[in-house]
>>> print(open('work-v4.txt').read())   # compact mmCIF, C-alpha atoms
# COMPACT_ATOMS: atom_id res chain seq x y z
CA MET O 1 -30.41 19.63 24.50
CA LYS O 2 -33.83 19.11 22.93
CA HIS O 3 -36.87 20.60 24.65
CA TYR O 4 -38.86 17.38 24.31
CA GLU O 5 -38.41 13.69 24.97
CA GLN O 6 -39.77 10.50 23.53
CA THR O 7 -42.27 8.79 25.88
CA GLU O 8 -43.20 5.12 26.22
CA ASN O 9 -46.67 5.86 24.74
CA THR O 10 -46.85 4.09 21.38
CA ARG O 11 -49.10 3.64 18.38
CA VAL O 12 -48.58 1.50 15.30
CA VAL O 13 -49.15 2.69 11.73
CA LYS O 14 -49.17 0.51 8.64
CA HIS O 15 -46.89 1.53 5.78
CA LYS O 16 -46.62 -0.60 2.64
CA GLY O 17 -47.59 -3.71 4.57
CA LYS O 18 -45.24 -3.26 7.50
CA ASP O 19 -45.89 -1.99 11.01
CA ILE O 20 -44.09 1.16 12.16
CA THR O 21 -44.10 1.96 15.88
CA LEU O 22 -44.46 5.64 16.72
CA TYR O 23 -43.66 7.21 20.09
CA GLN O 24 -45.41 10.22 21.57
CA ILE O 25 -43.18 13.15 22.53
CA ARG O 26 -43.46 15.28 25.68
CA ALA O 27 -42.14 18.79 26.36
CA THR O 28 -39.31 18.86 28.90
CA GLU O 29 -39.43 22.66 29.30
CA ASP O 30 -41.61 25.66 28.42
CA PHE O 31 -40.96 26.94 24.89
CA THR O 32 -42.56 28.59 21.86
CA VAL O 33 -42.20 27.50 18.22
CA ASP O 34 -44.32 29.05 15.44
CA SER O 35 -46.39 30.97 18.01
CA ILE O 36 -47.32 27.72 19.75
CA LEU O 37 -46.73 28.05 23.50
CA THR O 38 -45.85 24.63 24.87
CA ASN O 39 -45.53 23.97 28.59
CA LYS O 40 -43.30 21.47 30.33
CA GLY O 41 -45.14 18.14 30.45
CA ASP O 42 -47.40 18.83 27.46
CA LEU O 43 -47.79 15.79 25.22
CA GLY O 44 -47.06 16.27 21.54
CA GLY O 45 -47.46 14.22 18.40
CA TRP O 46 -46.03 10.90 17.34
CA VAL O 47 -42.58 10.19 15.88
CA GLU O 48 -40.76 7.08 14.74
CA SER O 49 -37.53 8.36 16.24
CA GLU O 50 -36.54 11.63 17.83
CA ASP O 51 -33.16 11.19 16.10
CA TYR O 52 -34.65 12.83 12.99
CA LEU O 53 -35.88 15.92 14.87
CA ASP O 54 -33.96 19.10 15.70
CA ARG O 55 -34.01 20.70 19.12
CA ASP O 56 -36.12 23.70 18.15
CA ILE O 57 -39.14 22.01 16.52
CA TRP O 58 -42.51 20.78 17.70
CA VAL O 59 -44.78 18.00 16.51
CA SER O 60 -48.17 18.47 18.14
CA ASP O 61 -51.61 16.94 18.52
CA ASN O 62 -52.12 13.70 16.62
CA SER O 63 -49.53 14.50 13.97
CA GLU O 64 -47.20 11.71 12.84
CA VAL O 65 -43.60 11.88 11.57
CA TYR O 66 -42.05 8.63 10.35
CA ASN O 67 -40.08 6.70 7.75
CA SER O 68 -36.83 8.66 8.22
CA SER O 69 -38.63 12.01 7.88
CA THR O 70 -36.87 15.06 9.34
CA VAL O 71 -38.30 18.14 11.04
CA LYS O 72 -35.76 20.86 11.75
CA ASN O 73 -34.82 24.53 12.14
CA GLY O 74 -37.83 25.93 14.01
CA SER O 75 -40.48 24.05 12.04
CA THR O 76 -43.82 22.69 13.27
CA VAL O 77 -46.03 19.78 12.28
CA LYS O 78 -49.49 20.06 13.79
CA ASN O 79 -53.21 19.25 13.84
CA GLY O 80 -53.14 15.67 12.63
CA SER O 81 -50.61 16.08 9.83
CA THR O 82 -48.65 13.12 8.46
CA VAL O 83 -45.03 13.51 7.33
CA ASP O 84 -43.80 10.34 5.59
CA VAL O 85 -40.31 10.07 3.99
CA SER O 86 -40.20 13.89 3.89
CA THR O 87 -38.39 16.95 5.23
CA VAL O 88 -39.90 20.00 6.94
CA THR O 89 -37.29 22.70 7.53
CA ASN O 90 -36.37 26.36 8.09
CA GLY O 91 -39.38 27.61 10.02
CA SER O 92 -41.96 25.79 7.93
CA THR O 93 -45.43 24.86 9.18
CA VAL O 94 -47.38 21.78 8.14
CA ASN O 95 -50.97 21.95 9.39
CA LYS O 96 -53.76 19.39 8.77
CA SER O 97 -51.82 18.04 5.78
CA TRP O 98 -50.30 14.86 4.34
CA MET O 99 -46.77 14.69 2.87
CA TYR O 100 -45.01 11.82 1.11
CA LYS O 101 -41.47 12.00 -0.31
CA SER O 102 -41.65 15.81 -0.28
CA VAL O 103 -39.63 18.76 0.98
CA VAL O 104 -41.12 21.87 2.62
CA ASP O 105 -38.58 24.68 3.15
CA ARG O 106 -39.47 28.17 4.50
CA SER O 107 -43.13 27.49 3.65
CA VAL O 108 -46.65 26.90 4.95
CA VAL O 109 -48.69 23.86 3.98
CA ASN O 110 -52.26 24.02 5.31
CA GLU O 111 -55.02 21.45 4.75
CA SER O 112 -53.27 20.09 1.65
CA THR O 113 -51.56 17.05 0.13
CA LEU O 114 -47.98 16.81 -1.17
CA ASN O 115 -46.70 13.80 -3.08
CA LYS O 116 -43.10 13.75 -4.34
CA SER O 117 -43.04 17.55 -4.46
CA THR O 118 -40.87 20.48 -3.35
CA VAL O 119 -42.25 23.64 -1.75
CA ASP O 120 -39.76 26.48 -1.15
CA GLY O 121 -40.71 29.88 0.29
CA SER O 122 -44.35 29.33 -0.63
CA TRP O 123 -47.93 28.75 0.58
CA VAL O 124 -50.02 25.66 -0.20
CA THR O 125 -53.50 26.04 1.30
CA ASN O 126 -57.20 25.26 1.19
CA LYS O 127 -57.21 21.56 0.22
CA SER O 128 -54.64 21.98 -2.54
CA SER O 129 -52.75 19.06 -4.05
CA LEU O 130 -49.19 18.93 -5.41
CA ASN O 131 -48.05 15.75 -7.17
CA LYS O 132 -44.51 15.45 -8.56
CA SER O 133 -44.32 19.24 -8.73
CA SER O 134 -42.21 22.19 -7.64
CA LEU O 135 -43.42 25.41 -6.01
CA ASN O 136 -40.98 28.29 -5.45
CA LYS O 137 -41.85 31.69 -3.93
CA SER O 138 -45.47 31.25 -5.01
CA SER O 139 -48.86 30.03 -3.78
CA VAL O 140 -51.39 27.33 -4.56
CA ASP O 141 -54.83 27.90 -3.03
CA GLY O 142 -57.62 25.36 -3.40
CA SER O 143 -56.09 23.99 -6.60
CA SER O 144 -54.08 21.12 -8.06
CA VAL O 145 -50.56 21.06 -9.56
CA ASP O 146 -49.51 17.76 -11.14
CA GLY O 147 -46.13 17.15 -12.76
CA SER O 148 -45.57 20.89 -13.16
CA TRP O 149 -43.90 23.92 -11.58
CA VAL O 150 -45.06 27.28 -10.22
CA THR O 151 -42.39 29.87 -9.52
CA ASN O 152 -41.37 33.51 -9.02
CA LEU O 153 -44.35 35.04 -7.17
CA SER O 154 -47.02 33.20 -9.18
CA THR O 155 -50.43 32.02 -7.95
CA VAL O 156 -52.68 29.08 -8.79
CA LYS O 157 -56.11 29.45 -7.17
CA ASN O 158 -59.87 28.86 -7.15
CA GLY O 159 -59.97 25.24 -8.27
CA SER O 160 -57.41 25.59 -11.05
CA THR O 161 -55.49 22.62 -12.42
CA VAL O 162 -51.92 22.85 -13.73
CA LYS O 163 -50.55 19.58 -15.13
CA ASN O 164 -48.38 17.63 -17.57
CA GLY O 165 -45.19 19.66 -17.42
CA SER O 166 -46.83 23.07 -17.40
CA GLY O 167 -45.14 26.08 -15.83
CA VAL O 168 -46.55 29.20 -14.21
CA ILE O 169 -43.82 31.83 -13.76
CA ASN O 170 -42.92 35.50 -13.19
CA GLY O 171 -45.92 36.63 -11.17
CA SER O 172 -48.52 34.91 -13.36
CA VAL O 173 -51.95 34.00 -11.98
CA VAL O 174 -54.07 30.98 -12.91
CA ASP O 175 -57.57 31.61 -11.54
CA GLY O 176 -60.25 28.93 -11.92
CA SER O 177 -58.69 27.50 -15.09
CA GLY O 178 -57.00 24.37 -16.32
CA LEU O 179 -53.55 24.25 -17.93
CA LYS O 180 -52.02 21.25 -19.67
CA ASN O 181 -48.70 21.12 -21.54
CA CYS O 182 -48.11 24.88 -21.53
CA ILE O 183 -46.16 27.69 -19.90
CA ILE O 184 -47.74 30.90 -18.59
CA ILE O 185 -45.30 33.81 -18.30
CA ASN O 186 -46.24 37.26 -17.04
>>> encode(input="work-v4.txt", output="structure tokens")
Amino acid sequence: MKHYEQTENTRVVKHKGKDITLYQIRATEDFTVDSILTNKGDLGGWVESEDYLDRDIWVSDNSEVYNSSTVKNGSTVKNGSTVDVSTVTNGSTVNKSWMYKSVVDRSVVNESTLNKSTVDGSWVTNKSSLNKSSLNKSSVDGSSVDGSWVTNLSTVKNGSTVKNGSGVINGSVVDGSGLKNCIIIN
């Protein structure tokens, strides 16, 4: 049994010209997910359908999950985040962020934007942006990755830009720089 229920409270969001009705969820028991203590009766965020949510997750505050998005395996979506046609799984946290057609697995996305990207075992923070990119066991902090990949304990930080099929691998660090059409290997 899930520890939340869908309420009759609704809001409508526009997506590609059509209206999507979202329903607010409410905790049906006391529980903790991602260090968030939630009490029975607490109101959570907004979902298109609880059918796409696992039992052990929480969508809080004014966050929205819709368009067949899934949240599962101890994950949280909080603080006004939007998850649209995306998956958040395996203990991941999405905080103050926007996701579209993306997957977040065993990761943290904080104050950032993901568009058609995959984040696995990684951190995306500080107003970072990933567009059509892949991040694996690495971090992007206050930077942009576009059409590229960052993997194997690598870091992109301090306003850096990695784009056009570039790769940052094997513990490499891009700090305050721009990369285009290249591979950085440590």
>>> residues_around(input="work-v4.txt", residues="stretch 115-117 of chain O", least_positions_apart="2", cutoff="7 Å", atoms="all atoms listed in the file", output="compact mmCIF listing (two decimals) with C-alpha atoms, in the frame of the given file")
# COMPACT_ATOMS: atom_id res chain seq x y z
CA MET O 99 -46.77 14.69 2.87
CA TYR O 100 -45.01 11.82 1.11
CA LYS O 101 -41.47 12.00 -0.31
CA SER O 102 -41.65 15.81 -0.28
CA VAL O 103 -39.63 18.76 0.98
CA THR O 113 -51.56 17.05 0.13
CA VAL O 119 -42.25 23.64 -1.75
CA LEU O 130 -49.19 18.93 -5.41
CA ASN O 131 -48.05 15.75 -7.17
CA LYS O 132 -44.51 15.45 -8.56
CA SER O 133 -44.32 19.24 -8.73
CA SER O 134 -42.21 22.19 -7.64
>>> axis_aligned_box(input="work-v4.txt", around="stretch 39-48 of chain O", padding_each_side="8 Å", output="lines of an AutoDock Vina configuration file")
center_x = -44.3
center_y = 15.5
center_z = 22.6
size_x = 23.0
size_y = 32.9
size_z = 31.7
>>> closest_residue(input="work-v4.txt", among="O:Thr151, O:Asn181, O:Thr161, O:Thr76", to="O:Ser128", atoms="only C-alpha atoms")
O:Thr161
>>> residues_around(input="work-v4.txt", residues="O:Val162", least_positions_apart="6", cutoff="12 Å", atoms="all atoms listed in the file", output="ChimeraX atom specification")
/O:128-135,140,143-150,155-156,168,173-184
>>> write_last_selection(input="work-v4.txt", atoms="C-alpha atoms", output="mmCIF file, in the frame of the given file")
data_model
loop_
_atom_site.group_PDB
_atom_site.id
_atom_site.type_symbol
_atom_site.label_atom_id
_atom_site.label_comp_id
_atom_site.auth_asym_id
_atom_site.auth_seq_id
_atom_site.Cartn_x
_atom_site.Cartn_y
_atom_site.Cartn_z
ATOM 1 C CA SER O 128 -54.640 21.980 -2.540
ATOM 2 C CA SER O 129 -52.750 19.060 -4.050
ATOM 3 C CA LEU O 130 -49.190 18.930 -5.410
ATOM 4 C CA ASN O 131 -48.050 15.750 -7.170
ATOM 5 C CA LYS O 132 -44.510 15.450 -8.560
ATOM 6 C CA SER O 133 -44.320 19.240 -8.730
ATOM 7 C CA SER O 134 -42.210 22.190 -7.640
ATOM 8 C CA LEU O 135 -43.420 25.410 -6.010
ATOM 9 C CA VAL O 140 -51.390 27.330 -4.560
ATOM 10 C CA SER O 143 -56.090 23.990 -6.600
ATOM 11 C CA SER O 144 -54.080 21.120 -8.060
ATOM 12 C CA VAL O 145 -50.560 21.060 -9.560
ATOM 13 C CA ASP O 146 -49.510 17.760 -11.140
ATOM 14 C CA GLY O 147 -46.130 17.150 -12.760
ATOM 15 C CA SER O 148 -45.570 20.890 -13.160
ATOM 16 C CA TRP O 149 -43.900 23.920 -11.580
ATOM 17 C CA VAL O 150 -45.060 27.280 -10.220
ATOM 18 C CA THR O 155 -50.430 32.020 -7.950
ATOM 19 C CA VAL O 156 -52.680 29.080 -8.790
ATOM 20 C CA VAL O 168 -46.550 29.200 -14.210
ATOM 21 C CA VAL O 173 -51.950 34.000 -11.980
ATOM 22 C CA VAL O 174 -54.070 30.980 -12.910
ATOM 23 C CA ASP O 175 -57.570 31.610 -11.540
ATOM 24 C CA GLY O 176 -60.250 28.930 -11.920
ATOM 25 C CA SER O 177 -58.690 27.500 -15.090
ATOM 26 C CA GLY O 178 -57.000 24.370 -16.320
ATOM 27 C CA LEU O 179 -53.550 24.250 -17.930
ATOM 28 C CA LYS O 180 -52.020 21.250 -19.670
ATOM 29 C CA ASN O 181 -48.700 21.120 -21.540
ATOM 30 C CA CYS O 182 -48.110 24.880 -21.530
ATOM 31 C CA ILE O 183 -46.160 27.690 -19.900
ATOM 32 C CA ILE O 184 -47.740 30.900 -18.590
#
>>> atom_distance(input="work-v4.txt", atom1="atom CA of O:Asp141", atom2="atom CA of O:Val85")
24.0 Å
>>> closest_atom_pairs(input="work-v4.txt", of="stretch 44-147 of chain O", to="stretch 23-38 of chain O", cutoff="6 Å", atoms="only C-alpha atoms", output="Markdown table")
| residue | atom | partner | partner_atom | distance |
| --- | --- | --- | --- | --- |
| O:Gly44 | CA | O:Ile25 | CA | 5.1 |
| O:Gly45 | CA | O:Gln24 | CA | 5.5 |
| O:Trp46 | CA | O:Gln24 | CA | 4.3 |
| O:Val47 | CA | O:Tyr23 | CA | 5.3 |
>>> atom_distance(input="work-v4.txt", atom1="atom CA of O:Gly121", atom2="atom CA of O:Leu53")
20.8 Å
>>> atom_distance(input="work-v4.txt", atom1="atom CA of O:Ser60", atom2="atom CA of O:His15")
21.0 Å
>>> residues_around(input="work-v4.txt", residues="O:Lys96", least_positions_apart="4", cutoff="12 Å", atoms="all atoms listed in the file", output="compact mmCIF listing (two decimals) with C-alpha atoms, in the coordinates of the input")
# COMPACT_ATOMS: atom_id res chain seq x y z
CA VAL O 59 -44.78 18.00 16.51
CA SER O 60 -48.17 18.47 18.14
CA ASP O 61 -51.61 16.94 18.52
CA ASN O 62 -52.12 13.70 16.62
CA SER O 63 -49.53 14.50 13.97
CA GLU O 64 -47.20 11.71 12.84
CA THR O 76 -43.82 22.69 13.27
CA VAL O 77 -46.03 19.78 12.28
CA LYS O 78 -49.49 20.06 13.79
CA ASN O 79 -53.21 19.25 13.84
CA GLY O 80 -53.14 15.67 12.63
CA SER O 81 -50.61 16.08 9.83
CA THR O 82 -48.65 13.12 8.46
CA VAL O 83 -45.03 13.51 7.33
CA VAL O 108 -46.65 26.90 4.95
CA VAL O 109 -48.69 23.86 3.98
CA ASN O 110 -52.26 24.02 5.31
CA GLU O 111 -55.02 21.45 4.75
CA SER O 112 -53.27 20.09 1.65
CA THR O 113 -51.56 17.05 0.13
CA LEU O 114 -47.98 16.81 -1.17
CA VAL O 124 -50.02 25.66 -0.20
CA THR O 125 -53.50 26.04 1.30
CA ASN O 126 -57.20 25.26 1.19
CA LYS O 127 -57.21 21.56 0.22
CA SER O 128 -54.64 21.98 -2.54
>>> closest_residue(input="work-v4.txt", among="O:Ser49, O:Thr70, O:Ser107, O:Ser160", to="O:Asn136", atoms="only C-alpha atoms")
O:Ser107
>>> closest_residue(input="work-v4.txt", among="O:Asp105, O:Glu50, O:Glu8, O:Asp19", to="O:Trp123", atoms="only C-alpha atoms")
O:Asp105
>>> residues_around(input="work-v4.txt", residues="O:Leu153", least_positions_apart="5", cutoff="6 Å", atoms="all atoms listed in the file", output="ChimeraX atom specification")
/O:137-138,171
